[in-house]
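Peer 1: One structure coming up, written as structure tokens, with questions to follow.
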Amino acid sequence: MFELANPKRFMEWSGRLLPWLGAAAAATLLAGLALGFAAPPDYQQGSTVRIMFLHVPSAWTAMMAYGLMAAASVVGLVNRHPLADAAARTAAPLGAVFTALGLVTGSLWGKPMWGAWWVWDGRLTSFLLLLLIYLGYIALGNAIEDDTRAARACAVLAVVGAVNLPIIEFSVDWWTTLHQGESILRRGGPLIAPVFLWPLLLMALGYTLLFLNLWIIRIRTEILNRRARAMMMEEAQ
Amino acid sequence: MSGFLSQGGYAFYVWTAYGLSLAGLGLAALLTLRAYRKAKAALARLERAKTVQHSETNL
């Protein structure tokens, strides 16, 4: 694992993987969209059910991105691996985009179904907190000039902020909420009809592949920038 | 076709959600690729300059 994360090895294998990953993301998203628009309107929610195919994958990907960012931060703090900090720092802007999209699409789904754009319940508030943690993380990284100190401070924030992930997940069980409870990954099987479940799973896979694709490109960019900085320092000496 | 566009009377909510998602993800992809190309070009420039400098030093 650490061998593959060596920057030189990473550039080699990720360069070979990226075209396949991009193609898989595009194919999965197109298939998910086609199945989603072919699905009939829900008997209660009508055509707004199609917002689910965007909202749920955005939210899942946002949480997965944070989990990966926190895991990379732990590796960075414990092992001081050169790629761990780059992996964590480059995941944050993407995670923030997916979180913002989860919030916006949720709001657009909530208005016609609940009659409100926003309610201050456990799930929505903890998810908004996720966006604020992402933004705080990005701001903290930009505010500290020394790279090592910035990496350490960001890693600590990412690890502490990870406590919000189980709060988001279990908020629908812990507190009274307008948000629906767990209906897919639950004991006893999903509560969603297969005609909606398949496009949802395809879109979730497509969002995950898209995130991984963009994340890898951003890590490669960071490696190239570090090489350029190292060369400039070498020249200056 | 008009039934598809009207989305059962929820066109505003459905199409805004799809439009914003496309815009958000498209912009993220665009900025990511642009930064990558820029970094690649900058490194290539530095490597070229270094090669030229070395060959001039050897002369």
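So you can find residues: chains in the structure tokens are A, B, ... in the order shown, residues in each start at 1, and ligands are numbered from 1 in order.
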Would you tabulate, counting only C-alpha atoms, all residues of chain B that have an atom at most 7 Å from an atom of chain A, showing the closest pair of atoms and their distance in Å to one decimal, sorted by chain then ascending number, as CSV?
Peer 2:
```
residue,atom,partner,partner_atom,distance
B:Gln7,CA,A:Ser47,CA,5.5
B:Gly8,CA,A:Ser47,CA,5.9
B:Tyr10,CA,A:Thr48,CA,6.5
B:Tyr13,CA,A:Leu108,CA,5.4
B:Val14,CA,A:Ile51,CA,6.0
B:Ala17,CA,A:Thr105,CA,5.3
B:Ser21,CA,A:Leu101,CA,6.3
B:Gly24,CA,A:Val97,CA,6.9
B:Ala29,CA,A:Leu214,CA,6.6
B:Thr32,CA,A:Arg218,CA,6.3
B:Ala35,CA,A:Thr221,CA,6.9
B:Tyr36,CA,A:Thr221,CA,4.9
B:Ala39,CA,A:Asn225,CA,5.8
B:Lys40,CA,A:Leu224,CA,6.5
B:Leu43,CA,A:Ala228,CA,5.3
```
Peer 1: Would you mind exporting N, CA and C atoms of the selected residues as a tab-separated table (two decimals), in the first residue's frame?
Peer 2:
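Everything below was put into out.tsv:
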```
chain	number	residue	atom	x	y	z
B	7	GLN	N	-42.22	17.44	-16.10
B	7	GLN	CA	-41.92	16.59	-14.92
B	7	GLN	C	-43.09	16.58	-13.93
B	8	GLY	N	-44.28	16.39	-14.47
B	8	GLY	CA	-45.47	16.27	-13.63
B	8	GLY	C	-45.76	17.52	-12.82
B	10	TYR	N	-43.43	19.53	-11.64
B	10	TYR	CA	-42.29	19.84	-10.76
B	10	TYR	C	-41.05	20.23	-11.56
B	13	TYR	N	-38.20	22.40	-9.87
B	13	TYR	CA	-37.38	21.72	-8.85
B	13	TYR	C	-36.46	20.67	-9.50
B	14	VAL	N	-37.03	19.87	-10.40
B	14	VAL	CA	-36.24	18.78	-11.01
B	14	VAL	C	-35.13	19.35	-11.90
B	17	ALA	N	-32.37	21.22	-10.03
B	17	ALA	CA	-31.47	20.27	-9.35
B	17	ALA	C	-30.48	19.67	-10.34
B	21	SER	N	-26.46	20.58	-10.47
B	21	SER	CA	-25.52	19.45	-10.29
B	21	SER	C	-24.55	19.38	-11.46
B	24	GLY	N	-22.15	22.38	-11.13
B	24	GLY	CA	-21.20	22.20	-10.02
B	24	GLY	C	-20.14	21.17	-10.33
B	29	ALA	N	-14.74	19.65	-12.40
B	29	ALA	CA	-13.92	18.90	-13.36
B	29	ALA	C	-13.05	19.84	-14.19
B	32	THR	N	-10.24	21.34	-12.08
B	32	THR	CA	-9.26	20.28	-11.78
B	32	THR	C	-8.35	20.03	-12.98
B	35	ALA	N	-6.00	23.09	-13.72
B	35	ALA	CA	-4.87	23.16	-12.78
B	35	ALA	C	-3.83	22.10	-13.11
B	36	TYR	N	-4.29	20.92	-13.53
B	36	TYR	CA	-3.37	19.83	-13.88
B	36	TYR	C	-2.53	20.19	-15.10
B	39	ALA	N	0.02	22.86	-14.18
B	39	ALA	CA	1.14	22.32	-13.41
B	39	ALA	C	2.10	21.54	-14.31
B	40	LYS	N	1.51	20.77	-15.24
B	40	LYS	CA	2.33	19.97	-16.17
B	40	LYS	C	3.17	20.89	-17.06
B	43	LEU	N	6.03	22.62	-15.03
B	43	LEU	CA	7.14	21.70	-14.76
B	43	LEU	C	7.96	21.45	-16.04
```
Peer 1: Which residues come within 12 Å of Ala84 of chain A, counting only C-alpha atoms, excluding same-chain residues fewer than 4 positions away, as an NGL selection string?
Peer 2: :A and (1-2 or 5-7 or 10 or 68-80 or 88-91 or 151-152 or 154-155 or 219 or 222-223)
Peer 1: Which is closer to Met113 of chain A than all the others in A:Leu21, A:Ala62, A:Leu132, A:Leu178, using only C-alpha atoms?
Peer 2: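 Going through A:Leu21, A:Ala62, A:Leu132, A:Leu178 one by one, the smallest distance to Met113 of chain A is for A:Leu178.
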Peer 1: Expressed in Å to a single decimal, how great is the separation between atom CA of Leu46 of chain B and atom CA of Pro19 of chain A?
Peer 2: 26.7 Å
Peer 1: Quick one: of A:Ala230, A:Leu103, A:Met11, A:Arg186, who's nearest to Val56 of chain A, counting only C-alpha atoms?
Peer 2: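 The shortest atom-to-atom distance to Val56 of chain A comes from A:Leu103.
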Peer 1: Atom CA of Thr28 of chain A and atom CA of Gly206 of chain A, how far apart in Å?
Peer 2: 5.0 Å
Peer 1: Identify which of the residues A:Gly22, A:Pro199, A:Pro40, A:Gly141 lies closest to Phe4 of chain B, counting only C-alpha atoms when measuring atom-to-atom distances.
Peer 2: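 Using only C-alpha atoms, the shortest distance to Phe4 of chain B belongs to A:Pro40.
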